[in-house]
Amino acid sequence: MRAIEITAPGPADVLTLTERPSPPMGPGEVRIAIAAAGVNRPDIMQRQGLYPAPKGATDIPGLECAGTIVEVGAGAASATGRAWRVGDAVCALLPGGGYADEAVVSGLTCLPVPTGLSMVDAAALPETFFTVWTNVVERGQLRAGEWLLVHGGT
């Protein structure tokens, strides 16, 4: 598969197109044919040599992507229990590897692409969505019927 690698810390011109083997897949994971990748601050910092890839993660940058599921591992499902199927349009949060033709990720970190949203727009959703969900629902324990006031949200 084609992938972007960081040849040395530096500006954008250190990103180089290369060939890499397809990543292996395990239970609970899906393989996504990537149509678009998000570009966020950690990706830029990784390129500059200021943000190491998480331990055990690929050195291919890209923490969020959108595309189509082309392979489903045993038991791969969303956080809500939805079983993923080949052909599903998803966006995903990943520890790296979004700047490639394909990525393998846990089904738990995939979201269905909302109707009417392009793959390019969907690729920018996962980091923000999972951050908000973790802070508001899991940590803050916001429940139905309660109110949340957000200052400075964009």
# chains A, B, ... in the order shown; residues from 1 in each chain; ligands from 1

$ closest_atom_pairs --of "region 72-95 of chain A" --to "region 125-129 of chain A" --cutoff "10 Å" --atoms "only C-alpha atoms" --output "CSV"
residue,atom,partner,partner_atom,distance
A:Val90,CA,A:Pro126,CA,9.9
A:Cys91,CA,A:Pro126,CA,6.5
A:Ala92,CA,A:Pro126,CA,5.7
A:Leu93,CA,A:Pro126,CA,5.3
A:Leu94,CA,A:Pro126,CA,8.9

$ select_by_dssp --residues "region 87-126 of chain A" --states "strand (DSSP E)" --output "list of chain:residue names"
A:Ala89, A:Val90, A:Cys91, A:Ala92, A:Leu93, A:Glu102, A:Ala103, A:Val104, A:Val105, A:Ser106, A:Cys110, A:Leu111, A:Pro112

$ write_last_selection --atoms "N, CA, C and O atoms" --output "compact mmCIF listing (two decimals), in the first residue's frame"
# COMPACT_ATOMS: atom_id res chain seq x y z
N ALA A 89 -19.46 2.92 5.47
CA ALA A 89 -18.67 4.16 5.44
C ALA A 89 -18.44 4.59 6.88
O ALA A 89 -19.40 4.77 7.64
N VAL A 90 -17.16 4.72 7.26
CA VAL A 90 -16.82 5.05 8.64
C VAL A 90 -15.75 6.14 8.69
O VAL A 90 -15.03 6.38 7.73
N CYS A 91 -15.69 6.77 9.85
CA CYS A 91 -14.53 7.60 10.20
C CYS A 91 -13.98 6.98 11.48
O CYS A 91 -14.70 6.33 12.22
N ALA A 92 -12.67 7.15 11.70
CA ALA A 92 -12.06 6.44 12.81
C ALA A 92 -10.95 7.24 13.46
O ALA A 92 -10.25 8.01 12.81
N LEU A 93 -10.79 7.01 14.74
CA LEU A 93 -9.68 7.53 15.52
C LEU A 93 -8.66 6.41 15.62
O LEU A 93 -9.01 5.28 15.94
N GLU A 102 -4.70 2.36 3.42
CA GLU A 102 -5.58 1.60 4.30
C GLU A 102 -5.02 1.61 5.71
O GLU A 102 -3.85 1.85 5.94
N ALA A 103 -5.91 1.35 6.65
CA ALA A 103 -5.52 1.26 8.05
C ALA A 103 -6.36 0.18 8.71
O ALA A 103 -7.48 -0.11 8.28
N VAL A 104 -5.81 -0.41 9.76
CA VAL A 104 -6.53 -1.38 10.57
C VAL A 104 -6.74 -0.74 11.94
O VAL A 104 -5.79 -0.27 12.56
N VAL A 105 -7.99 -0.72 12.39
CA VAL A 105 -8.32 -0.08 13.66
C VAL A 105 -9.34 -0.92 14.42
O VAL A 105 -10.06 -1.73 13.84
N SER A 106 -9.43 -0.68 15.70
CA SER A 106 -10.45 -1.31 16.52
C SER A 106 -11.82 -0.82 16.06
O SER A 106 -12.02 0.38 15.81
N CYS A 110 -14.42 3.41 15.62
CA CYS A 110 -15.05 3.81 14.35
C CYS A 110 -16.43 4.38 14.61
O CYS A 110 -17.13 3.95 15.53
N LEU A 111 -16.80 5.32 13.78
CA LEU A 111 -18.14 5.92 13.81
C LEU A 111 -18.70 5.86 12.40
O LEU A 111 -17.94 6.03 11.43
N PRO A 112 -20.01 5.67 12.25
CA PRO A 112 -20.58 5.74 10.89
C PRO A 112 -20.47 7.18 10.37
O PRO A 112 -20.63 8.13 11.13

$ closest_residue --among "A:Ala37, A:Leu50, A:Ala74, A:Ile6" --to "Thr18 (chain A)" --atoms "only C-alpha atoms"
A:Ile6

$ closest_residue --among "A:Leu15, A:Val30, A:Val120, A:Leu149" --to "Gly87 (chain A)" --atoms "only C-alpha atoms"
A:Val30

$ residues_around --residues "Ala76 (chain A)" --least-positions-apart "3" --cutoff "6 Å" --atoms "only C-alpha atoms" --output "ChimeraX atom specification"
/A:28-29,73,107

$ write_last_selection --atoms "C-alpha atoms" --output "PDB file, in the first residue's frame"
ATOM      1  CA  GLY A  28     -12.342  -6.855  16.869  1.00  0.00           C
ATOM      2  CA  GLU A  29     -10.631  -4.846  14.138  1.00  0.00           C
ATOM      3  CA  GLY A  73     -12.320  -9.109  11.988  1.00  0.00           C
ATOM      4  CA  GLY A 107     -14.128  -1.340  15.633  1.00  0.00           C
TER       5      GLY A 107
END

$ residues_around --residues "Arg47 (chain A)" --least-positions-apart "5" --cutoff "12 Å" --atoms "only C-alpha atoms" --output "list in words"
Ile4, Glu5, Ile6, Thr7, Ala8, Pro9, Gly10, Pro11, Ala12, Asp13, Val14, Leu15, Thr16, Val39, Asn40, Arg41, Pro42, Pro52, Ala53, Asp59, Ile60, Pro61 and Gly62 of chain A

$ closest_residue --among "A:Leu108, A:Ile32, A:Ala123, A:Leu17" --to "Leu63 (chain A)" --atoms "only C-alpha atoms"
A:Ala123

$ residues_around --residues "Gly56 (chain A)" --least-positions-apart "5" --cutoff "12 Å" --atoms "only C-alpha atoms" --output "PDB file with N, CA and C atoms, in the first residue's frame"
ATOM      1  N   PRO A  95      -4.246   5.294  16.431  1.00  0.00           N
ATOM      2  CA  PRO A  95      -2.993   5.735  17.059  1.00  0.00           C
ATOM      3  C   PRO A  95      -1.930   6.158  16.047  1.00  0.00           C
ATOM      4  N   GLY A  96      -2.231   6.060  14.784  1.00  0.00           N
ATOM      5  CA  GLY A  96      -1.328   6.402  13.688  1.00  0.00           C
ATOM      6  C   GLY A  96      -1.721   5.581  12.480  1.00  0.00           C
ATOM      7  N   GLY A  97      -1.219   5.977  11.315  1.00  0.00           N
ATOM      8  CA  GLY A  97      -1.468   5.200  10.107  1.00  0.00           C
ATOM      9  C   GLY A  97      -2.525   5.745   9.184  1.00  0.00           C
TER      10      GLY A  97
END

$ closest_residue --among "A:Met1, A:Val113, A:Val136, A:Ala36" --to "Asp101 (chain A)" --atoms "only C-alpha atoms"
A:Met1

$ closest_residue --among "A:Ala3, A:Met119, A:Val132, A:Val150" --to "Cys65 (chain A)" --atoms "only C-alpha atoms"
A:Met119
